[in-house]
Amino acid sequence: MTATLGRLISGLKRAVIEAQRSVCHQHIEELQQFFVPDQEQDPSLSFPEGAWTARMVGMNVPREVSRNGAVALEHHEVQVPLITLLPLKSFAIKQVEILTTLKLELAESPDGGEDEDAAVLVSMRRQDEQTAELKIVIQGLEPPAGYQRIVAAYEKLLNAQLPT
């Protein structure tokens, strides 16, 4: 198989961009599990279009109550936004390395002379049993600022429900 070096690099770049798009799509799918559609929303809309409400979980939180000098524990039901209980981590492709052995040569110009704009041809022949090693480094990142602010707002809502 012979191709120009530019086409090889362009193909690799497109593959990395497509991989990053896939990671972003998975983020949206993961975030979707924390929300349900609003009741007034058109059922034909899918996440992230439309209006969404946080999925809540009812939990009983103990609190101390003093009656006539006796202290007892009572349970207070709290609606906890699921998004505040489960961590969400962002991922991004940090680095791509390709290690291979390639045969490089300059393409001849049509008139047989030297051409300053001549393409560099790259060849990886199957019969050589050469392999390419691909290393993709994926780095965990802090969630985006918007996500952190939304979680903080839900945490504030949760804290207002908790007994003091």
# chains A, B, ... in the order shown; residues from 1 in each chain; ligands from 1
call {"tool": "residues_around", "arguments": {"residues": "Gly140 of chain A", "least_positions_apart": "5", "cutoff": "8 Å", "atoms": "only C-alpha atoms", "output": "list of chain:residue names"}}
result
A:Lys89, A:Ser90, A:Phe91, A:Ala92
call {"tool": "write_last_selection", "arguments": {"atoms": "N, CA, C and O atoms", "output": "short mmCIF file (atom, residue, chain, number, x, y, z; two decimals), in the first residue's frame"}}
result
data_model
loop_
_atom_site.label_atom_id
_atom_site.label_comp_id
_atom_site.auth_asym_id
_atom_site.auth_seq_id
_atom_site.Cartn_x
_atom_site.Cartn_y
_atom_site.Cartn_z
N LYS A 89 -16.21 11.98 35.74
CA LYS A 89 -14.86 12.40 35.38
C LYS A 89 -14.83 12.60 33.87
O LYS A 89 -15.38 11.82 33.12
N SER A 90 -14.18 13.65 33.44
CA SER A 90 -14.02 13.90 32.01
C SER A 90 -12.75 13.22 31.53
O SER A 90 -11.77 13.12 32.27
N PHE A 91 -12.78 12.77 30.30
CA PHE A 91 -11.60 12.16 29.70
C PHE A 91 -11.33 12.82 28.36
O PHE A 91 -12.24 13.25 27.67
N ALA A 92 -10.07 12.91 28.03
CA ALA A 92 -9.67 13.48 26.75
C ALA A 92 -8.45 12.74 26.26
O ALA A 92 -7.64 12.26 27.05
#
call {"tool": "residues_around", "arguments": {"residues": "segment 8-16 of chain A", "least_positions_apart": "5", "cutoff": "9 Å", "atoms": "only C-alpha atoms", "output": "MDAnalysis selection string"}}
result
chainID A and resid 3 21 93 96 122
call {"tool": "residues_around", "arguments": {"residues": "segment 66-83 of chain A", "least_positions_apart": "4", "cutoff": "12 Å", "atoms": "only C-alpha atoms", "output": "number ranges by chain"}}
result
A: 30-36, 53-62, 87-88, 147-164
call {"tool": "atom_distance", "arguments": {"atom1": "atom CA of Glu18 of chain A", "atom2": "atom CA of Glu142 of chain A"}}
result
21.6 Å
